[in-house]
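One file, protein06.csv, is given below (CSV, C-alpha atoms).
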chain,number,residue,atom,x,y,z
A,249,MET,CA,53.5,67.1,9.7
A,250,ALA,CA,51.0,69.4,8.1
A,251,LYS,CA,50.4,73.1,7.8
A,252,ILE,CA,47.2,73.9,9.6
A,253,LEU,CA,45.3,77.2,9.7
A,254,ILE,CA,42.9,77.7,12.7
A,255,VAL,CA,40.2,80.2,12.1
A,256,GLU,CA,38.4,80.6,15.4
A,257,ASP,CA,37.4,83.8,17.3
A,258,GLU,CA,37.3,82.3,20.8
A,259,THR,CA,40.8,83.0,22.0
A,260,ASP,CA,40.9,80.2,24.7
A,261,LEU,CA,39.7,77.6,22.3
A,262,ARG,CA,42.0,78.7,19.5
A,263,ASP,CA,45.0,78.6,21.9
A,264,LEU,CA,44.0,75.1,23.1
A,265,LEU,CA,43.7,73.8,19.6
A,266,ALA,CA,46.9,75.3,18.5
A,267,TRP,CA,48.8,73.8,21.5
A,268,ASN,CA,47.5,70.3,20.8
A,269,LEU,CA,48.1,70.5,17.1
A,270,LYS,CA,51.6,71.7,17.6
A,271,ALA,CA,52.2,68.9,20.1
A,272,ALA,CA,51.0,66.5,17.4
A,273,GLY,CA,53.8,67.8,15.2
A,274,HIS,CA,51.9,70.2,13.0
A,275,GLU,CA,52.8,73.7,11.9
A,276,VAL,CA,50.0,76.0,13.1
A,277,VAL,CA,48.9,79.5,12.0
A,278,GLU,CA,46.0,81.3,13.7
A,279,ALA,CA,43.3,83.7,12.6
A,280,ALA,CA,40.5,85.3,14.7
A,281,THR,CA,38.2,86.4,11.9
A,282,GLY,CA,37.0,85.2,8.5
A,283,ALA,CA,38.8,88.0,6.6
A,284,GLU,CA,42.1,87.3,8.4
A,285,GLY,CA,41.6,83.6,7.8
A,286,ILE,CA,41.2,84.1,4.0
A,287,ALA,CA,44.3,86.4,4.0
A,288,GLN,CA,46.4,83.8,5.9
A,289,ALA,CA,45.2,81.0,3.7
A,290,ARG,CA,46.3,82.9,0.6
A,291,ARG,CA,49.7,83.6,2.3
A,292,ILE,CA,50.6,80.1,3.6
A,293,LYS,CA,48.5,77.7,1.4
A,294,PRO,CA,47.6,75.4,4.3
A,295,ASP,CA,47.1,71.7,4.0
A,296,LEU,CA,44.1,72.0,6.2
A,297,ILE,CA,41.8,74.8,7.6
A,298,LEU,CA,40.1,74.3,11.0
A,299,LEU,CA,37.2,76.6,10.5
A,300,ASP,CA,34.6,78.0,12.9
A,301,LEU,CA,31.3,78.7,11.3
A,302,MET,CA,30.3,81.5,13.7
A,303,LEU,CA,32.8,84.2,13.0
A,304,PRO,CA,32.4,87.9,13.8
A,305,ASP,CA,32.7,89.1,10.2
A,306,VAL,CA,32.7,86.8,7.2
A,307,PRO,CA,30.7,83.6,8.0
A,308,GLY,CA,32.6,80.4,8.0
A,309,THR,CA,30.5,79.1,5.2
A,310,GLU,CA,31.6,81.9,3.0
A,311,VAL,CA,35.2,81.3,3.9
A,312,CYS,CA,34.8,77.6,2.9
A,313,ARG,CA,33.1,78.6,-0.3
A,314,ARG,CA,35.9,80.9,-1.3
A,315,VAL,CA,38.6,78.3,-0.5
A,316,LYS,CA,36.9,75.4,-2.2
A,317,SER,CA,36.1,77.5,-5.4
A,318,ASP,CA,39.7,78.7,-5.8
A,319,ALA,CA,42.0,76.4,-7.7
A,320,ALA,CA,45.0,77.7,-5.7
A,321,PHE,CA,43.6,75.7,-2.7
A,322,ALA,CA,42.9,72.4,-4.7
A,323,GLY,CA,44.8,70.4,-2.0
A,324,THR,CA,43.5,72.2,1.0
A,325,ARG,CA,41.1,70.3,3.3
A,326,VAL,CA,38.5,72.1,5.5
A,327,VAL,CA,37.2,70.8,8.8
A,328,MET,CA,34.3,72.9,10.1
A,329,LEU,CA,33.7,73.6,13.8
A,330,THR,CA,30.3,74.8,15.0
A,331,ALA,CA,28.1,74.9,18.1
A,332,ARG,CA,25.1,74.0,15.8
A,333,GLY,CA,24.5,70.3,15.1
A,334,GLU,CA,21.4,70.3,13.0
A,335,GLU,CA,21.4,68.2,9.9
A,336,ILE,CA,20.8,71.3,7.6
A,337,ASP,CA,24.0,72.8,8.9
A,338,ARG,CA,26.0,69.7,8.1
A,339,VAL,CA,24.4,69.4,4.7
A,340,VAL,CA,25.2,73.0,3.8
A,341,GLY,CA,28.8,72.5,5.0
A,342,PHE,CA,29.3,69.4,3.0
A,343,GLU,CA,27.7,70.9,-0.1
A,344,LEU,CA,30.2,73.7,0.1
A,345,GLY,CA,33.0,71.1,0.0
A,346,ALA,CA,33.9,70.7,3.7
A,347,ASP,CA,35.8,67.5,4.4
A,348,ASP,CA,34.5,67.0,7.9
A,349,TYR,CA,32.2,68.6,10.4
A,350,VAL,CA,32.7,68.7,14.2
A,351,VAL,CA,30.1,69.9,16.7
A,352,LYS,CA,31.1,71.8,19.8
A,353,PRO,CA,31.7,70.7,22.5
A,354,PHE,CA,34.1,68.1,21.3
A,355,SER,CA,37.1,66.0,22.6
A,356,VAL,CA,40.3,67.6,21.4
A,357,ARG,CA,41.8,64.2,21.1
A,358,GLU,CA,39.0,63.0,18.9
A,359,LEU,CA,39.3,66.2,16.8
A,360,THR,CA,43.1,65.6,16.4
A,361,LEU,CA,42.5,62.1,15.2
A,362,ARG,CA,39.8,63.2,12.8
A,363,ILE,CA,42.1,65.9,11.4
A,364,GLY,CA,44.7,63.1,10.9
A,365,ALA,CA,42.2,61.0,9.0
A,366,VAL,CA,41.2,63.9,6.8
A,367,LEU,CA,44.9,64.7,6.0
A,368,ARG,CA,45.5,61.1,5.1
A,369,ARG,CA,42.6,61.1,2.7
A,370,GLY,CA,43.9,64.3,1.2
A,371,LYS,CA,47.3,62.9,0.1
A,372,PRO,CA,47.7,63.2,-3.7
A,373,GLU,CA,47.4,60.2,-5.9
A,374,THR,CA,50.4,58.7,-7.6
A,375,GLN,CA,51.4,60.2,-11.0
A,376,GLU,CA,50.9,56.8,-12.6
A,377,GLU,CA,47.2,56.7,-12.1
A,378,LYS,CA,45.5,56.9,-15.5
A,379,PRO,CA,42.3,58.8,-16.3
A,380,ILE,CA,39.2,56.6,-16.6
A,381,VAL,CA,37.1,56.9,-19.8
A,382,ALA,CA,33.5,55.7,-19.8
A,383,GLY,CA,31.6,56.6,-23.0
A,384,ARG,CA,31.3,60.3,-23.2
A,385,LEU,CA,32.9,60.8,-19.8
A,386,LEU,CA,36.6,61.2,-18.8
A,387,VAL,CA,37.6,61.3,-15.1
A,388,ASP,CA,41.2,62.2,-14.2
A,389,ARG,CA,41.5,61.7,-10.5
A,390,PRO,CA,45.0,63.0,-9.8
A,391,ARG,CA,44.1,66.3,-11.6
A,392,HIS,CA,40.6,66.4,-10.1
A,393,LYS,CA,39.3,66.8,-13.7
A,394,VAL,CA,36.0,65.7,-15.3
A,395,VAL,CA,35.3,66.0,-19.0
A,396,VAL,CA,32.1,65.3,-20.9
A,397,ASP,CA,32.0,65.4,-24.7
A,398,GLY,CA,35.3,67.2,-24.6
A,399,GLU,CA,34.1,70.0,-22.3
A,400,ASP,CA,35.4,70.4,-18.7
A,401,VAL,CA,32.8,70.0,-16.0
A,402,ALA,CA,33.2,71.8,-12.7
A,403,LEU,CA,32.4,69.6,-9.7
A,404,THR,CA,32.7,70.3,-6.0
A,405,ALA,CA,35.0,68.2,-3.9
A,406,LEU,CA,32.1,66.1,-2.7
A,407,GLU,CA,30.5,65.7,-6.1
A,408,PHE,CA,33.8,64.5,-7.5
A,409,LYS,CA,34.2,62.0,-4.6
A,410,LEU,CA,30.7,60.8,-5.2
A,411,LEU,CA,31.3,60.3,-8.9
A,412,TRP,CA,34.7,58.6,-8.3
A,413,THR,CA,33.2,56.2,-5.7
A,414,LEU,CA,30.4,55.1,-8.1
A,415,LEU,CA,32.8,54.9,-11.1
A,416,SER,CA,35.5,52.9,-9.2
A,417,ARG,CA,32.8,50.4,-8.3
A,418,ARG,CA,31.2,50.3,-11.7
A,419,GLY,CA,28.3,48.0,-12.1
A,420,ARG,CA,27.9,47.4,-8.4
A,421,VAL,CA,25.0,48.9,-6.5
A,422,GLN,CA,25.9,51.3,-3.7
A,423,SER,CA,23.2,51.8,-1.0
A,424,ARG,CA,22.5,55.3,0.2
A,425,GLU,CA,23.8,54.3,3.6
A,426,ARG,CA,27.1,52.9,2.1
A,427,LEU,CA,27.6,56.1,0.1
A,428,LEU,CA,27.0,58.2,3.3
A,429,GLU,CA,29.7,56.3,5.0
A,430,ASP,CA,32.2,56.2,2.2
A,431,VAL,CA,31.7,59.6,0.6
A,432,TRP,CA,30.6,61.7,3.6
A,433,GLU,CA,32.2,59.4,6.2
A,434,MET,CA,29.0,59.9,8.3
A,435,SER,CA,27.1,57.5,10.4
A,436,PRO,CA,24.5,55.6,8.3
A,437,ASP,CA,21.7,56.8,10.6
A,438,VAL,CA,22.0,60.3,9.1
A,439,THR,CA,19.1,60.9,6.6
A,440,THR,CA,19.7,59.7,3.1
A,441,ARG,CA,18.2,62.7,1.5
A,442,THR,CA,21.7,64.2,1.3
A,443,VAL,CA,22.7,61.4,-1.1
A,444,ASP,CA,19.7,61.9,-3.3
A,445,THR,CA,20.3,65.7,-3.5
A,446,HIS,CA,23.9,65.3,-4.5
A,447,VAL,CA,23.1,62.6,-7.1
A,448,LYS,CA,20.5,64.8,-8.7
A,449,ARG,CA,23.0,67.7,-8.9
A,450,LEU,CA,25.8,65.4,-10.2
A,451,ARG,CA,23.5,64.1,-13.0
A,452,GLU,CA,22.6,67.7,-14.0
A,453,LYS,CA,26.3,68.7,-14.2
A,454,LEU,CA,27.3,65.6,-16.2
A,455,LEU,CA,24.8,66.6,-18.9
A,456,GLY,CA,24.8,63.9,-21.5
A,457,ALA,CA,26.7,61.5,-19.2
A,458,GLY,CA,24.3,62.0,-16.3
A,459,ASP,CA,22.3,58.9,-17.3
A,460,TYR,CA,25.4,56.8,-16.5
A,461,VAL,CA,24.5,57.2,-12.8
A,462,GLU,CA,21.6,54.8,-12.5
A,463,THR,CA,19.0,54.5,-9.8
A,464,VAL,CA,18.3,51.1,-8.4
A,465,ARG,CA,14.8,51.5,-6.8
A,466,GLY,CA,14.6,50.6,-3.2
A,467,VAL,CA,18.4,50.1,-2.9
A,468,GLY,CA,20.6,53.0,-4.1
A,469,TYR,CA,22.7,54.0,-7.1
A,470,ARG,CA,25.3,52.5,-9.4
A,471,PHE,CA,27.5,53.6,-12.3
A,472,ALA,CA,26.3,51.8,-15.5
A,473,GLU,CA,28.2,48.7,-16.3
A,474,ARG,CA,28.1,49.5,-20.0
A,475,VAL,CA,27.4,52.9,-21.6
A,476,ASP,CA,27.1,54.3,-25.1
A,477,GLY,CA,30.1,53.9,-27.3
A,478,GLU,CA,31.4,50.8,-25.4
A,479,GLU,CA,31.3,47.3,-26.7
A,480,GLY,CA,30.2,44.4,-24.6
A,481,GLU,CA,32.3,41.3,-24.1
A,482,GLY,CA,32.0,38.4,-26.6

Show the structure stored in the file as structure tokens.
Amino acid sequence: MAKILIVEDETDLRDLLAWNLKAAGHEVVEAATGAEGIAQARRIKPDLILLDLMLPDVPGTEVCRRVKSDAAFAGTRVVMLTARGEEIDRVVGFELGADDYVVKPFSVRELTLRIGAVLRRGKPETQEEKPIVAGRLLVDRPRHKVVVDGEDVALTALEFKLLWTLLSRRGRVQSRERLLEDVWEMSPDVTTRTVDTHVKRLREKLLGAGDYVETVRGVGYRFAERVDGEEGEG
């Protein structure tokens, strides 16, 4: 069971979603505006926010930005709902840290299953998991922490997931299509420009460790098998 906050201004849809999520065993809190949604989120610290983008006051994108930039909501997942399905809307949502994006009209059963998948992905890692050190870079997954040359680096949820995916498969080339599926969990027929944009931004944020993320021309990206400060075998 999870604590879910629904932020949706359409009363009928909000009631329908609430009924189905409660039937699935979740605890549900509702909000009809962005401002109310932010207030409720601060009050209950939800596991997941089901967030409409087209709200009457504060845009859903701004609600998402505030949630994802606040350390108090480090474990909160966001699933966006919108009537708009253009790629640019999806890209903006994911860049803000959204964990999934569902276009109206949608099947309530499918939405419930996708919420379940997002919640499973959001479960905290075990305390035994150790930070990974690669040259000038340290990545602590349980604490969602990245350090370069002793300085903390602030990454969005998606940037962190992208870095972790590459680092955990170190030395192995990851195609753009594979990264779209594994990081964004999107169909591989979505444009790969999303990956290139995020890799560029990730490299910039990693400063001196940005070169560790290598481009394999015509294929995709990989985290370098060996970096400065590390000795090779033999």

Counting all atoms listed in the file, the option among A:Leu410, A:Val255, A:Leu301, A:Ile286 closest to Val431 in chain A
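Selected residue with least distance to Val431 in chain A: A:Leu410.
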
Protein/DNA/RNA residues near (20.7, 65.0, -8.3), cut 12 Å, all atoms listed in the file, as a compact mmCIF listing (two decimals) with C-alpha atoms, in the frame of the given file:
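Listed below is the output, out-v6.txt:
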# COMPACT_ATOMS: atom_id res chain seq x y z
CA GLU A 407 30.50 65.70 -6.10
CA LEU A 410 30.70 60.80 -5.20
CA LEU A 411 31.30 60.30 -8.90
CA ARG A 441 18.20 62.70 1.50
CA THR A 442 21.70 64.20 1.30
CA VAL A 443 22.70 61.40 -1.10
CA ASP A 444 19.70 61.90 -3.30
CA THR A 445 20.30 65.70 -3.50
CA HIS A 446 23.90 65.30 -4.50
CA VAL A 447 23.10 62.60 -7.10
CA LYS A 448 20.50 64.80 -8.70
CA ARG A 449 23.00 67.70 -8.90
CA LEU A 450 25.80 65.40 -10.20
CA ARG A 451 23.50 64.10 -13.00
CA GLU A 452 22.60 67.70 -14.00
CA LYS A 453 26.30 68.70 -14.20
CA LEU A 454 27.30 65.60 -16.20
CA LEU A 455 24.80 66.60 -18.90
CA GLY A 458 24.30 62.00 -16.30
CA ASP A 459 22.30 58.90 -17.30
CA VAL A 461 24.50 57.20 -12.80
CA GLU A 462 21.60 54.80 -12.50
CA THR A 463 19.00 54.50 -9.80
CA TYR A 469 22.70 54.00 -7.10

Applying 12 Å and only C-alpha atoms, which residues near Thr259 in chain A remain after dropping the ones on its own chain fewer than 3 positions away? List them as a compact mmCIF listing (two decimals) with C-alpha atoms, in the frame of the given file.
# COMPACT_ATOMS: atom_id res chain seq x y z
CA ILE A 254 42.90 77.70 12.70
CA VAL A 255 40.20 80.20 12.10
CA GLU A 256 38.40 80.60 15.40
CA ARG A 262 42.00 78.70 19.50
CA ASP A 263 45.00 78.60 21.90
CA LEU A 264 44.00 75.10 23.10
CA LEU A 265 43.70 73.80 19.60
CA ALA A 266 46.90 75.30 18.50
CA GLU A 278 46.00 81.30 13.70
CA ALA A 279 43.30 83.70 12.60
CA ALA A 280 40.50 85.30 14.70
CA THR A 281 38.20 86.40 11.90

Given only C-alpha atoms as the basis, pick out the residue of A:Ala250, A:Ala457, A:Val396, A:Val339 nearest to Gly323 in chain A.
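Between A:Ala250, A:Ala457, A:Val396, A:Val339, the residue approaching Gly323 in chain A most closely is A:Ala250.
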
Residue with smallest distance to Leu415 in chain A - pool A:Leu299, A:Leu427, A:Ala287, A:Ala472, counting all atoms listed in the file:
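Result for the nearest residue to Leu415 in chain A: A:Ala472.
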
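For the pair CA of Tyr460 in chain A and CA of Arg418 in chain A, the interatomic distance is 9.9 Å.
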
Nearest to Asp318 in chain A by atom-to-atom distance, counting all atoms listed in the file, from A:Ala402, A:Leu385, A:Val351, A:Leu269
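Distance minimum relative to Asp318 in chain A lands on A:Ala402.
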
Quick one: residues within 9 Å of Val394 in chain A, all atoms listed in the file counted, chain neighbours fewer than 4 positions away excluded, as an MDAnalysis selection string?
chainID A and resid 385:389 399:403 408 454

Could you check how far CA of Thr360 in chain A sits from CA of Asp348 in chain A, in Å to one decimal?
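Separating CA of Thr360 in chain A from CA of Asp348 in chain A is a distance of 12.2 Å.
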
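Reported to one decimal place, the separation of CA of Leu329 in chain A from CA of Phe354 in chain A is 9.3 Å.
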
Test item: residues at most 8 Å from Pro304 in chain A, all atoms listed in the file, excluding those fewer than 3 positions along its chain, as a list in words
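Returned residues: Asp257, Thr281, Gly282 and Pro307 of chain A.
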
Saved selection, atoms kept: C-alpha atoms, as a compact mmCIF listing (two decimals), keeping the file's coordinate frame:
# COMPACT_ATOMS: atom_id res chain seq x y z
CA ASP A 257 37.40 83.80 17.30
CA THR A 281 38.20 86.40 11.90
CA GLY A 282 37.00 85.20 8.50
CA PRO A 307 30.70 83.60 8.00

Which is closest to Asn268 in chain A among A:Arg314, A:Glu358, A:Lys352, A:Leu296, if we use all atoms listed in the file?
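Smallest distance to Asn268 in chain A is found for A:Glu358.
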
Distance criterion (only C-alpha atoms): nearest to Leu344 in chain A out of A:Ile297, A:Leu303, A:Ala405, A:Ala331:
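When distances to Leu344 in chain A are compared using only C-alpha atoms, the smallest one comes from A:Ala405.
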
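Those residues positioned at most 12 Å from (30.7, 78.8, 1.1) are A:Gly282, A:Leu299, A:Leu301, A:Val306, A:Pro307, A:Gly308, A:Thr309, A:Glu310, A:Val311, A:Cys312, A:Arg313, A:Arg314, A:Val315, A:Lys316, A:Ser317, A:Asp318, A:Val326, A:Met328, A:Asp337, A:Val339, A:Val340, A:Gly341, A:Phe342, A:Glu343, A:Leu344, A:Gly345, A:Ala346, A:Thr404, judged using all atoms listed in the file.
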